[in-house]
$ cat target_8.txt   # compact mmCIF, C-alpha atoms
# COMPACT_ATOMS: atom_id res chain seq x y z
CA MET A 1 0.00 0.00 0.00
CA THR A 2 2.04 2.94 -1.21
CA TRP A 3 -0.44 5.56 0.01
CA VAL A 4 0.08 4.41 3.61
CA LYS A 5 3.83 4.75 3.24
CA ASP A 6 3.34 8.16 1.63
CA PHE A 7 0.99 9.23 4.44
CA LEU A 8 3.44 8.16 7.15
CA GLU A 9 6.33 9.94 5.44
CA ARG A 10 4.37 13.16 5.17
CA LEU A 11 3.27 12.83 8.77
CA ASP A 12 6.88 12.44 9.76
CA SER A 13 7.88 15.68 8.03
CA THR A 14 4.98 17.64 9.52
CA THR A 15 6.11 20.18 12.11
CA SER A 16 2.82 21.70 13.28
CA LEU A 17 -0.42 20.50 14.81
CA ASP A 18 -2.28 22.23 11.96
CA GLY A 19 -0.29 20.02 9.62
CA VAL A 20 -1.41 16.94 11.55
CA GLN A 21 -5.03 18.14 11.34
CA ASN A 22 -4.74 18.58 7.56
CA LEU A 23 -3.31 15.08 7.20
CA VAL A 24 -6.19 13.59 9.20
CA VAL A 25 -8.64 15.30 6.81
CA GLU A 26 -6.72 13.89 3.86
CA LEU A 27 -6.70 10.46 5.45
CA ARG A 28 -10.50 10.62 5.81
CA ASN A 29 -10.80 11.47 2.11
CA ARG A 30 -8.32 8.81 1.05
CA LEU A 31 -10.12 6.08 3.02
CA GLY A 32 -13.51 7.29 1.82
CA VAL A 33 -14.93 7.26 5.34
CA GLU A 34 -17.37 9.73 6.88
CA HIS A 35 -15.00 10.93 9.60
CA ALA A 36 -11.53 10.35 11.02
CA ILE A 37 -10.87 11.33 14.63
CA TYR A 38 -7.70 11.29 16.71
CA HIS A 39 -7.91 12.54 20.28
CA ILE A 40 -6.15 12.21 23.59
CA VAL A 41 -8.37 10.91 26.40
CA GLY A 42 -8.23 11.69 30.07
CA GLY A 43 -6.52 14.08 32.41
CA THR A 44 -2.88 13.84 31.37
CA GLY A 45 -2.79 17.64 31.20
CA ARG A 46 -2.45 17.56 27.44
CA GLU A 47 -5.60 18.01 25.43
CA TYR A 48 -5.33 17.57 21.72
CA GLY A 49 -7.45 16.30 18.90
CA ALA A 50 -7.21 16.19 15.13
CA LEU A 51 -10.62 15.39 13.73
CA THR A 52 -13.20 15.99 11.05
CA TYR A 53 -16.32 16.01 13.29
CA ASP A 54 -18.57 19.05 13.23
CA PRO A 55 -17.49 21.17 16.26
CA ASP A 56 -21.17 21.35 17.31
CA TRP A 57 -21.23 17.57 17.69
CA VAL A 58 -18.03 17.64 19.76
CA GLN A 59 -19.52 20.28 22.05
CA HIS A 60 -22.78 18.37 22.33
CA TYR A 61 -20.88 15.16 23.17
CA ILE A 62 -18.87 16.94 25.88
CA ASP A 63 -21.91 18.81 27.31
CA SER A 64 -23.91 15.57 27.45
CA GLN A 65 -20.96 13.86 29.16
CA TYR A 66 -21.28 11.03 26.69
CA PHE A 67 -17.70 9.95 27.40
CA ARG A 68 -19.03 8.53 30.67
CA ILE A 69 -21.41 6.11 28.97
CA ASP A 70 -19.92 5.74 25.48
CA PRO A 71 -19.47 1.96 24.92
CA VAL A 72 -16.56 2.72 22.56
CA VAL A 73 -14.56 4.60 25.20
CA ASN A 74 -15.41 1.96 27.78
CA ALA A 75 -14.31 -0.91 25.52
CA ALA A 76 -11.15 0.90 24.43
CA PHE A 77 -9.98 1.20 28.04
CA HIS A 78 -9.90 -2.58 28.28
CA SER A 79 -8.55 -3.45 24.86
CA HIS A 80 -5.27 -3.33 22.99
CA ARG A 81 -6.90 -4.05 19.66
CA PRO A 82 -9.11 -2.11 17.23
CA ILE A 83 -12.78 -2.17 18.18
CA ASP A 84 -15.60 -2.59 15.70
CA TRP A 85 -18.47 -0.49 17.09
CA LYS A 86 -21.07 -3.02 16.07
CA THR A 87 -19.59 -5.67 18.34
CA LEU A 88 -20.34 -3.49 21.39
CA ASN A 89 -23.40 -3.53 23.59
CA TRP A 90 -25.57 -0.50 22.73
CA ARG A 91 -28.67 -1.69 24.57
CA GLN A 92 -28.43 0.62 27.58
CA PRO A 93 -30.84 3.57 27.18
CA ALA A 94 -28.06 6.19 27.31
CA ALA A 95 -25.98 4.31 24.74
CA ARG A 96 -29.03 3.93 22.49
CA ARG A 97 -29.61 7.66 22.66
CA LEU A 98 -25.95 8.34 21.85
CA ILE A 99 -25.89 6.12 18.76
CA ARG A 100 -29.27 7.43 17.56
CA GLU A 101 -28.05 11.02 17.81
CA ALA A 102 -24.73 10.12 16.22
CA VAL A 103 -26.54 8.67 13.21
CA ASP A 104 -28.79 11.74 12.95
CA GLU A 105 -26.04 14.30 13.45
CA GLY A 106 -23.78 13.08 10.67
CA VAL A 107 -21.28 11.05 12.73
CA GLY A 108 -22.00 7.72 11.09
CA LYS A 109 -23.57 4.43 12.04
CA GLN A 110 -20.48 2.24 11.81
CA GLY A 111 -17.07 2.78 13.34
CA TYR A 112 -13.68 1.34 14.15
CA THR A 113 -11.64 2.66 17.07
CA VAL A 114 -7.96 1.98 17.71
CA PRO A 115 -6.89 2.39 21.36
CA ILE A 116 -3.40 3.88 21.67
CA ARG A 117 -1.26 3.79 24.81
CA GLY A 118 1.96 5.75 25.05
CA VAL A 119 4.92 4.73 27.19
CA ASP A 120 4.19 7.67 29.48
CA GLY A 121 0.72 6.35 30.28
CA GLN A 122 -1.01 8.55 27.73
CA PHE A 123 -4.20 7.17 26.28
CA ALA A 124 -5.60 8.21 22.92
CA LEU A 125 -8.16 6.99 20.42
CA PHE A 126 -8.12 6.97 16.66
CA SER A 127 -11.49 6.30 15.02
CA VAL A 128 -13.07 6.26 11.60
CA THR A 129 -16.82 6.24 10.97
CA SER A 130 -19.14 5.49 8.09
CA TYR A 131 -22.73 5.12 6.92
CA ASP A 132 -21.78 1.91 5.12
CA SER A 133 -23.89 -1.22 5.40
CA GLU A 134 -22.57 -3.90 7.77
CA SER A 135 -21.20 -6.04 4.98
CA ALA A 136 -19.47 -3.09 3.29
CA TRP A 137 -18.00 -2.11 6.66
CA ASP A 138 -16.70 -5.62 7.20
CA ARG A 139 -14.97 -5.44 3.83
CA PHE A 140 -13.52 -2.05 4.75
CA GLY A 141 -12.20 -3.55 8.00
CA ALA A 142 -10.64 -6.53 6.25
CA GLU A 143 -8.80 -4.17 3.91
CA HIS A 144 -7.89 -1.29 6.20
CA LEU A 145 -7.87 -2.27 9.89
CA HIS A 146 -4.16 -2.86 9.67
CA HIS A 147 -3.63 0.63 8.19
CA LEU A 148 -5.76 2.22 10.89
CA VAL A 149 -3.47 0.76 13.57
CA LEU A 150 -0.40 2.11 11.81
CA CYS A 151 -1.83 5.56 11.07
CA GLY A 152 -3.32 5.99 14.56
CA HIS A 153 -0.08 5.06 16.25
CA TYR A 154 2.06 7.39 14.15
CA ILE A 155 -0.39 10.31 14.41
CA HIS A 156 -0.17 9.91 18.19
CA GLN A 157 3.61 9.75 18.14
CA ARG A 158 3.97 12.76 15.83
CA ALA A 159 1.51 14.89 17.81
CA ALA A 160 3.38 14.05 21.03
CA GLU A 161 6.70 15.01 19.44
CA ILE A 162 5.32 18.31 18.18
CA MET A 163 3.90 19.13 21.61
CA ALA A 164 7.20 18.33 23.38
CA PRO A 165 9.77 19.18 20.72
CA ASP A 166 12.94 19.56 22.79
CA PRO A 167 14.49 16.18 23.58
CA ALA A 168 16.48 17.74 26.44
CA HIS A 169 13.20 18.53 28.20
CA ARG A 170 11.64 15.17 27.54
CA ALA A 171 12.30 12.81 30.43
CA ALA A 172 14.83 10.24 29.30
CA ASP A 173 13.08 7.10 30.48
CA LEU A 174 15.81 5.50 32.53
CA SER A 175 14.88 2.12 33.90
CA ALA A 176 14.92 1.53 37.64
CA ARG A 177 18.22 -0.38 37.35
CA GLU A 178 19.81 2.34 35.23
CA ARG A 179 18.87 4.90 37.88
CA ASP A 180 20.30 2.62 40.60
CA VAL A 181 23.59 2.36 38.73
CA LEU A 182 23.95 6.11 38.25
CA THR A 183 22.85 6.86 41.82
CA LEU A 184 25.50 4.57 43.34
CA LEU A 185 28.19 6.02 41.09
CA SER A 186 27.12 9.56 42.03
CA LEU A 187 27.61 8.58 45.69
CA GLY A 188 31.24 7.80 44.93
CA HIS A 189 31.11 3.99 44.83
CA SER A 190 33.45 2.17 42.48
CA ARG A 191 31.85 0.00 39.79
CA GLY A 192 32.77 -3.14 41.67
CA GLU A 193 31.26 -1.92 44.94
CA ALA A 194 28.15 -0.62 43.22
CA ALA A 195 27.63 -3.91 41.34
CA GLN A 196 28.00 -5.83 44.60
CA ARG A 197 25.45 -3.65 46.36
CA LEU A 198 22.98 -4.23 43.52
CA ARG A 199 23.82 -7.95 43.57
CA ILE A 200 24.57 -8.03 39.84
CA SER A 201 27.78 -8.89 37.99
CA GLU A 202 30.16 -6.16 36.88
CA HIS A 203 29.41 -7.16 33.31
CA THR A 204 25.68 -6.53 33.78
CA PHE A 205 26.49 -3.35 35.66
CA ARG A 206 28.47 -2.09 32.67
CA ALA A 207 25.56 -2.94 30.36
CA TYR A 208 23.16 -0.80 32.44
CA LEU A 209 25.69 1.99 32.52
CA ASP A 210 26.11 1.85 28.74
CA THR A 211 22.38 2.05 28.07
CA ALA A 212 22.00 4.91 30.56
CA ARG A 213 24.83 6.76 28.83
CA LEU A 214 23.20 6.22 25.41
CA LYS A 215 19.85 7.51 26.61
CA LEU A 216 21.41 10.58 28.20
CA ASN A 217 23.56 11.15 25.15
CA ALA A 218 26.61 11.35 27.43
CA ALA A 219 30.18 10.77 26.27
CA ASN A 220 31.33 9.21 29.53
CA THR A 221 30.21 8.12 32.98
CA VAL A 222 30.90 11.46 34.67
CA GLN A 223 28.80 13.26 32.07
CA ALA A 224 26.01 10.71 32.40
CA VAL A 225 25.85 11.15 36.19
CA ALA A 226 25.96 14.95 35.88
CA SER A 227 23.25 14.96 33.22
CA ALA A 228 20.98 12.65 35.23
CA VAL A 229 21.36 14.85 38.33
CA THR A 230 20.73 18.06 36.36
CA ARG A 231 17.58 16.65 34.80
CA GLY A 232 16.34 15.46 38.15
CA LEU A 233 16.38 11.80 37.09
CA ILE A 234 18.43 10.82 40.12
CA LEU A 235 18.93 12.56 43.45
CA PRO A 236 22.37 14.12 43.97
CA MET B 1 -9.07 -25.52 26.10
CA ILE B 2 -7.34 -22.24 25.43
CA ARG B 3 -8.76 -18.99 26.72
CA TYR B 4 -7.71 -15.53 25.60
CA LEU B 5 -8.56 -13.23 28.51
CA TYR B 6 -7.81 -9.62 29.27
CA ALA B 7 -6.89 -8.99 32.92
CA ASN B 8 -10.25 -7.32 33.55
CA GLN B 9 -11.99 -10.56 32.53
CA LEU B 10 -10.05 -12.77 34.97
CA SER B 11 -12.54 -12.14 37.79
CA GLN B 12 -15.05 -14.23 35.81
CA TYR B 13 -12.61 -17.18 36.07
CA PRO B 14 -11.46 -17.07 39.70
CA ARG B 15 -10.06 -20.60 39.81
CA LEU B 16 -8.14 -20.15 36.57
CA ALA B 17 -6.71 -16.81 37.71
CA GLU B 18 -5.75 -18.07 41.16
CA THR B 19 -4.00 -21.18 39.87
CA MET B 20 -2.20 -19.19 37.17
CA PHE B 21 -0.74 -16.63 39.56
CA ARG B 22 0.20 -19.39 42.05
CA ASP B 23 1.87 -21.45 39.33
CA ARG B 24 3.76 -18.37 38.24
CA ALA B 25 5.04 -17.94 41.81
CA SER B 26 6.18 -21.56 41.98
CA GLN B 27 7.85 -21.47 38.55
CA PHE B 28 9.56 -18.07 38.63
CA ILE B 29 10.24 -17.58 42.35
CA ASP B 30 10.53 -21.08 43.86
CA ARG B 31 12.08 -22.92 40.94
CA LEU B 32 13.92 -20.31 38.82
CA LYS B 33 14.77 -18.12 41.88
CA TRP B 34 13.84 -14.88 40.12
CA ASP B 35 13.77 -11.84 42.39
CA LEU B 36 10.00 -11.18 42.19
CA GLN B 37 7.31 -10.15 44.66
CA THR B 38 4.28 -12.12 45.73
CA SER B 39 0.97 -10.79 46.99
CA ALA B 40 -0.52 -11.74 50.37
CA GLU B 41 -2.29 -14.67 48.70
CA GLY B 42 1.00 -15.98 47.30
CA TRP B 43 0.33 -14.78 43.76
CA GLU B 44 3.15 -13.62 41.55
CA LEU B 45 1.85 -10.31 40.14
CA ASP B 46 3.78 -7.33 38.85
CA GLU B 47 3.10 -3.86 37.46
CA TYR B 48 2.54 -5.20 33.93
CA ASP B 49 -0.33 -7.35 35.18
CA ARG B 50 -1.98 -4.04 36.11
CA MET B 51 -1.83 -2.75 32.51
CA ASN B 52 -4.69 -4.99 31.47
CA PRO B 53 -2.55 -7.42 29.46
CA LEU B 54 -4.04 -10.15 27.33
CA TYR B 55 -3.38 -13.60 28.81
CA VAL B 56 -3.30 -16.74 26.72
CA ILE B 57 -4.20 -19.52 29.12
CA LEU B 58 -4.41 -23.27 28.63
CA GLU B 59 -7.14 -24.49 30.96
CA GLY B 60 -7.08 -28.06 32.23
CA ALA B 61 -10.12 -30.33 32.35
CA ASP B 62 -10.49 -29.43 36.05
CA GLY B 63 -10.73 -25.70 35.27
CA ALA B 64 -7.25 -25.05 36.64
CA HIS B 65 -4.32 -23.35 34.95
CA ALA B 66 -2.12 -25.67 32.85
CA ALA B 67 0.02 -23.14 30.97
CA SER B 68 -0.06 -19.44 30.17
CA MET B 69 1.67 -16.35 28.88
CA ARG B 70 1.06 -12.63 29.07
CA CYS B 71 0.92 -10.33 26.04
CA LEU B 72 1.17 -6.55 25.67
CA PRO B 73 1.67 -4.31 22.61
CA SER B 74 5.26 -3.08 22.40
CA ILE B 75 4.19 0.52 21.68
CA GLY B 76 3.00 0.92 25.27
CA ARG B 77 5.06 0.14 28.36
CA THR B 78 6.63 -3.28 28.25
CA MET B 79 8.80 -5.34 30.54
CA VAL B 80 11.36 -5.94 27.79
CA ASN B 81 11.87 -2.25 27.05
CA ASP B 82 11.85 -1.28 30.73
CA HIS B 83 14.16 -3.99 32.06
CA PHE B 84 15.97 -5.82 29.25
CA ARG B 85 16.70 -3.04 26.80
CA HIS B 86 20.44 -3.43 27.40
CA LEU B 87 20.23 -6.78 25.63
CA ASN B 88 19.50 -4.77 22.46
CA HIS B 89 22.27 -2.18 22.94
CA GLY B 90 19.95 0.05 24.93
CA ILE B 91 17.52 0.50 22.07
CA ALA B 92 13.82 0.00 22.81
CA ILE B 93 11.90 -2.25 20.44
CA ARG B 94 8.59 -0.58 19.65
CA ALA B 95 6.42 -1.33 16.67
CA PRO B 96 2.65 -1.44 16.17
CA PHE B 97 2.77 -5.06 15.05
CA ILE B 98 5.19 -6.45 17.60
CA TRP B 99 3.75 -7.56 20.95
CA GLU B 100 5.79 -8.75 23.88
CA CYS B 101 5.06 -12.10 25.47
CA THR B 102 6.26 -12.66 29.02
CA ARG B 103 5.72 -14.99 31.99
CA PHE B 104 5.61 -18.13 29.87
CA CYS B 105 4.53 -20.53 32.57
CA ILE B 106 3.80 -24.26 32.66
CA ALA B 107 1.94 -25.71 35.63
CA PRO B 108 4.00 -28.20 37.65
CA GLY B 109 3.43 -31.76 36.46
CA ALA B 110 4.83 -34.57 34.37
CA CYS B 111 7.56 -33.59 31.91
CA SER B 112 6.00 -35.21 28.87
CA ALA B 113 2.75 -33.39 29.51
CA ALA B 114 4.69 -30.14 29.84
CA VAL B 115 5.92 -30.29 26.23
CA ASN B 116 2.38 -30.86 24.95
CA ARG B 117 1.07 -28.00 27.04
CA ALA B 118 3.79 -25.69 25.81
CA GLY B 119 2.96 -26.74 22.25
CA ALA B 120 -0.75 -26.03 22.67
CA LEU B 121 0.05 -22.65 24.17
CA MET B 122 2.44 -21.76 21.36
CA LEU B 123 -0.16 -22.80 18.81
CA ALA B 124 -2.58 -20.43 20.49
CA GLY B 125 0.13 -17.76 20.33
CA GLN B 126 0.56 -18.28 16.59
CA GLU B 127 -3.19 -18.01 16.10
CA LEU B 128 -3.24 -14.76 18.07
CA GLY B 129 -0.40 -13.26 16.04
CA LEU B 130 -1.89 -14.28 12.70
CA ARG B 131 -5.38 -13.06 13.52
CA PHE B 132 -4.13 -9.77 14.96
CA LYS B 133 -1.85 -9.46 11.91
CA LEU B 134 1.25 -9.16 14.09
CA THR B 135 4.67 -9.68 12.58
CA ARG B 136 6.61 -10.88 15.62
CA ALA B 137 6.46 -11.56 19.32
CA LEU B 138 9.19 -10.18 21.55
CA GLY B 139 10.34 -11.86 24.73
CA VAL B 140 13.10 -12.94 27.08
CA TYR B 141 13.89 -16.57 27.78
CA ASP B 142 16.43 -18.50 29.76
CA ALA B 143 18.89 -20.80 28.08
CA SER B 144 17.07 -23.95 29.24
CA MET B 145 14.06 -22.99 27.09
CA ILE B 146 15.93 -23.20 23.78
CA ARG B 147 15.63 -26.98 23.70
CA ILE B 148 11.91 -26.73 24.42
CA TYR B 149 11.40 -24.23 21.60
CA HIS B 150 13.13 -26.66 19.24
CA ASN B 151 10.82 -29.45 20.37
CA ILE B 152 7.81 -27.22 19.86
CA GLY B 153 9.00 -26.23 16.39
CA TRP B 154 9.08 -22.47 16.97
CA VAL B 155 12.54 -21.09 17.65
CA PRO B 156 13.15 -17.40 18.36
CA GLU B 157 15.55 -15.18 16.42
CA PHE B 158 18.27 -14.33 18.90
CA ILE B 159 18.90 -10.62 19.63
CA GLY B 160 21.17 -10.53 22.66
CA ALA B 161 21.98 -12.17 25.99
CA GLU B 162 23.58 -11.68 29.38
CA GLY B 163 24.91 -14.08 31.99
CA GLU B 164 26.35 -17.56 31.71
CA GLY B 165 25.08 -21.12 32.06
CA HIS B 166 21.81 -21.45 33.96
CA ASP B 167 21.69 -17.70 34.58
CA ARG B 168 21.86 -16.84 30.90
CA ILE B 169 18.94 -14.62 29.85
CA CYS B 170 18.26 -14.08 26.15
CA LEU B 171 16.17 -11.59 24.20
CA GLY B 172 14.51 -12.84 21.05
CA LEU B 173 11.83 -12.37 18.41
CA TRP B 174 9.37 -15.06 17.35
CA ALA B 175 7.95 -14.76 13.83
CA PHE B 176 4.30 -15.45 13.00
CA SER B 177 3.39 -17.35 9.85
CA PRO B 178 0.84 -19.95 8.73
CA GLU B 179 3.70 -22.40 8.03
CA LEU B 180 5.03 -22.01 11.57
CA ARG B 181 1.54 -22.40 13.01
CA ASP B 182 1.06 -25.65 11.11
CA ARG B 183 4.45 -26.95 12.22
CA VAL B 184 3.74 -26.10 15.88
CA ALA B 185 0.37 -27.85 15.59
CA GLU B 186 1.91 -30.94 14.01
CA LYS B 187 4.60 -31.20 16.70
CA ALA B 188 1.96 -30.80 19.40
CA GLY B 189 -0.21 -33.44 17.72
CA LEU B 190 -3.06 -30.96 17.31
CA ASP B 191 -5.22 -29.98 14.37
CA PRO B 192 -4.04 -26.49 13.29
CA ALA B 193 -7.70 -25.47 12.92
CA ILE B 194 -8.40 -26.09 16.61
CA ALA B 195 -6.85 -22.76 17.56
CA ALA B 196 -9.20 -20.85 15.25
CA GLY B 197 -12.17 -21.98 17.35
CA TRP B 198 -10.50 -20.86 20.57
CA PHE B 199 -9.82 -17.47 19.06
CA ASP B 200 -13.35 -17.03 17.67
CA ALA B 201 -14.86 -17.89 21.04
CA ALA B 202 -12.76 -15.18 22.71
CA PHE B 203 -13.19 -12.47 20.09
CA PRO B 204 -16.68 -12.79 18.64
CA GLU B 205 -17.28 -10.92 15.39
CA ARG B 206 -20.53 -9.47 16.55
CA GLN B 207 -22.51 -9.28 19.79
CA SER B 208 -25.34 -7.04 18.80
CA VAL B 209 -26.30 -4.71 16.01
CA ALA B 210 -25.06 -1.17 16.46
CA VAL B 211 -28.25 0.51 15.37
CA ALA B 212 -31.29 -1.34 16.58

$ encode --input "target_8.txt" --output "C-alpha cells"
Amino acid sequence: MTWVKDFLERLDSTTSLDGVQNLVVELRNRLGVEHAIYHIVGGTGREYGALTYDPDWVQHYIDSQYFRIDPVVNAAFHSHRPIDWKTLNWRQPAARRLIREAVDEGVGKQGYTVPIRGVDGQFALFSVTSYDSESAWDRFGAEHLHHLVLCGHYIHQRAAEIMAPDPAHRAADLSARERDVLTLLSLGHSRGEAAQRLRISEHTFRAYLDTARLKLNAANTVQAVASAVTRGLILP
Amino acid sequence: MIRYLYANQLSQYPRLAETMFRDRASQFIDRLKWDLQTSAEGWELDEYDRMNPLYVILEGADGAHAASMRCLPSIGRTMVNDHFRHLNHGIAIRAPFIWECTRFCIAPGACSAAVNRAGALMLAGQELGLRFKLTRALGVYDASMIRIYHNIGWVPEFIGAEGEGHDRICLGLWAFSPELRDRVAEKAGLDPAIAAGWFDAAFPERQSVAVA
C-alpha cells in the first residue's frame, strides 16, 4: 500500500499541529470514510485532537458527558486491539440515545476505534466512521484495519513530538536499574562496589551503565551522572 | 481448552486466575529463583499485570491453569523495554505489530505433559499473532528454554543475551506465519484449525447490532 507509506512519510515531516489536522482530513478522504478522529483521552494535562467532526457535535458530546457512557470509550480502556463499534453492547438507554443522535447528526452508524497507549501512560483513540452497510463495513475492515493501527499510532507519536519538541526537556526514560547504577556512582562507589550492592555482575552493571549513557547522550560516565542529576532523574 | 482473557476478565474465572498466579510464583520464584514479589495470597503479580494485558491460558479439564503467557503491545510500556533493553544495545523495540510475550509458565506436572502443554500454548500464540496481523512476538527466555522451543517447532531469532550457564537470559523475536503455526500444531499433535475456534470464542465478530 504505497499511500500508507506516503501518508506516514508526510506525517513524519509535519512540524505543526495544523499540519497533523490537515493530514487527518486527507486520510478521511483517502479512506472514503465519513469521519476520522484522533484525540487524547483523560486528564494527562495535554488536550489535543485532530478530527473531522462538526465542532457542534463535539460540544454536544462533551456537554452531554457522553464519554461517561460511550461503549466505545469503555471498551477501548480494556482493549489493545481495534474495536468494531457493532460488536459493542448499545442496549443501555443512554448508549441507544448516543448512537441514535450520532446517526442523525452526521457522525456515522459504523465505526472502528484503535486504542493507543503511550509509554508515558497517555491514552488516545483513533477512530473512523461510516454510513456503510454492515457487509461493506466488514470489507472495509478486512482491507484497512491494519492501516488504521499504523496511522493511529504514528499520528499519536507525531503529535506528542510536536507538543514536546525539545528532547532535552523530555524525560529520558531511565529504567529503575539504570537509575540505581547512576545513583550509586554519584555517591562515589566504584563499579565493583556498586555492582556488589545491587547484587549483579560487573558485566551486567556495565551494560546498564552503557544504556543509561546512550539515553542521556553522554560521552562518559561522569557526564552521564551529571546529566541525570541536572535533569532530576536521580537525586544528587 | 485455550482462553484468551484480558486482565479485567479474569474475575469471571477465579479458579483459573488463582492457579495461574500461584503457578507463576512456583515457577519463577521457587524454581527459577527470580527476584519477584508475591501478593498476600502468594500470587506472583507485577506492574505489567496491572496494565490490562491479554493472557493466553491453557485451561485443564479441572478448570485449573495448565500453561499461560502474558501479552502486551510493544508501543506501550513493556517489561522488555523497561528492564531488558540493554540486551538490544539500549535501544527500545517498539512497533505497532510487535507484541511482547512474558511470563511463559507451565503448571508443575509430568515432563511429557509439559511439552504438549507448551505446544498447545504456542499454537494459540501463533493463532493470536496471525489473527491480529502481528509480525513478531518479543520476549526474554532463559537458556534452558531453547531446547523446548526446538521441540515445539518455533525457535526465536536471537537478539542478545547476558549471563552464563543457567543464569543466561536471552532476548529474542518469534515470527508469526501460517507455516510455523502448522508446524507447531503438528509437533503438538493438534489440528491447526483447533486454535481458530478458541480465538473465535474469545473475540466474537458481533454481539449485537449497532443501530437497533

$ atom_distance --input "target_8.txt" --atom1 "atom CA of Gln122 of chain A" --atom2 "atom CA of Ala159 of chain A"
12.0 Å

$ closest_residue --input "target_8.txt" --among "A:Trp90, A:Tyr53, A:Phe140, A:Phe67" --to "chain B" --atoms "all atoms listed in the file"
A:Trp90

$ closest_residue --input "target_8.txt" --among "B:Arg3, B:Arg70, B:His89, B:Arg147" --to "chain A" --atoms "all atoms listed in the file"
B:His89

$ closest_residue --input "target_8.txt" --among "B:Ile29, B:Ile2, B:Val140, B:Ala95" --to "chain A" --atoms "only C-alpha atoms"
B:Ala95

$ closest_atom_pairs --input "target_8.txt" --of "chain B" --to "chain A" --cutoff "9 Å" --atoms "only C-alpha atoms" --output "tab-separated table"
residue	atom	partner	partner_atom	distance
B:Tyr6	CA	A:His78	CA	7.4
B:Ala7	CA	A:His78	CA	8.5
B:Asn8	CA	A:His78	CA	7.1
B:Asn52	CA	A:His78	CA	6.6
B:Pro53	CA	A:His80	CA	8.1
B:Leu54	CA	A:His80	CA	8.2
B:Leu72	CA	A:His80	CA	7.7
B:Pro73	CA	A:His80	CA	7.0
B:Ile75	CA	A:Gly118	CA	6.6
B:Gly76	CA	A:Val119	CA	4.7
B:Arg77	CA	A:Val119	CA	4.7
B:Thr78	CA	A:Val119	CA	8.3
B:Asn81	CA	A:Ser175	CA	8.7
B:Asp82	CA	A:Ser175	CA	5.5
B:His83	CA	A:Ser175	CA	6.4
B:Arg85	CA	A:Thr211	CA	7.7
B:His86	CA	A:Thr211	CA	5.9
B:Leu87	CA	A:Ala207	CA	8.1
B:His89	CA	A:Thr211	CA	6.6
B:Gly90	CA	A:Thr211	CA	4.4
B:Ile91	CA	A:Thr211	CA	7.9
B:Pro96	CA	A:Leu150	CA	6.4
B:Phe97	CA	A:Leu150	CA	8.5
B:Phe132	CA	A:Arg81	CA	7.9
B:Lys133	CA	A:His146	CA	7.3
B:Glu162	CA	A:Thr204	CA	7.1
B:Gly163	CA	A:Thr204	CA	7.8
B:Pro204	CA	A:Thr87	CA	7.7
B:Glu205	CA	A:Thr87	CA	6.4
B:Arg206	CA	A:Thr87	CA	4.3
B:Gln207	CA	A:Thr87	CA	4.9
B:Ser208	CA	A:Thr87	CA	5.9
B:Val209	CA	A:Lys86	CA	5.5
B:Ala210	CA	A:Lys86	CA	4.4
B:Val211	CA	A:Lys109	CA	7.0
B:Ala212	CA	A:Arg96	CA	8.2

$ closest_residue --input "target_8.txt" --among "A:Ile162, A:Val114, A:Ala218, A:Val41" --to "Thr129 of chain A" --atoms "all atoms listed in the file"
A:Val114

$ atom_distance --input "target_8.txt" --atom1 "atom CA of Asn29 of chain A" --atom2 "atom CA of Leu134 of chain B"
26.7 Å

$ residues_near_point --input "target_8.txt" --point "(-12.5, 1.7, 10.7)" --cutoff "6 Å" --atoms "only C-alpha atoms" --output "compact mmCIF listing (two decimals) with C-alpha atoms, in the coordinates of the input"
# COMPACT_ATOMS: atom_id res chain seq x y z
CA GLY A 111 -17.07 2.78 13.34
CA TYR A 112 -13.68 1.34 14.15
CA VAL A 128 -13.07 6.26 11.60
CA GLY A 141 -12.20 -3.55 8.00

$ atom_distance --input "target_8.txt" --atom1 "atom CA of Trp174 of chain B" --atom2 "atom CA of Trp154 of chain B"
7.4 Å

$ residues_around --input "target_8.txt" --residues "Met79 of chain B" --least-positions-apart "5" --cutoff "8 Å" --atoms "all atoms listed in the file" --output "list in words"
Tyr48, Phe84 and Thr102 of chain B

$ closest_residue --input "target_8.txt" --among "A:Ala228, A:Leu185, A:Val33, A:Ile40" --to "Ala124 of chain A" --atoms "all atoms listed in the file"
A:Ile40

$ residues_around --input "target_8.txt" --residues "Leu11 of chain A" --least-positions-apart "4" --cutoff "10 Å" --atoms "all atoms listed in the file" --output "list in words"
Lys5, Asp6, Phe7, Thr15, Ser16, Gly19, Val20, Asn22, Leu23, Val24, Cys151, Tyr154, Ile155, Gln157, Arg158 and Ala159 of chain A

$ residues_around --input "target_8.txt" --residues "Gly32 of chain A" --least-positions-apart "6" --cutoff "12 Å" --atoms "only C-alpha atoms" --output "number ranges by chain"
A: 25-26, 128-132, 137, 140, 144

$ closest_residue --input "target_8.txt" --among "B:Asp182, B:Glu41, B:Asp23, B:Asp142" --to "Glu164 of chain B" --atoms "only C-alpha atoms"
B:Asp142

$ residues_around --input "target_8.txt" --residues "Gln65 of chain A" --least-positions-apart "6" --cutoff "12 Å" --atoms "all atoms listed in the file" --output "list in words"
Val58, Gln59, Val73, Ala94, Ala95 and Leu98 of chain A

$ residues_around --input "target_8.txt" --residues "Lys33 of chain B" --least-positions-apart "4" --cutoff "12 Å" --atoms "all atoms listed in the file" --output "MDAnalysis selection string"
chainID B and resid 24:29 37 166:167
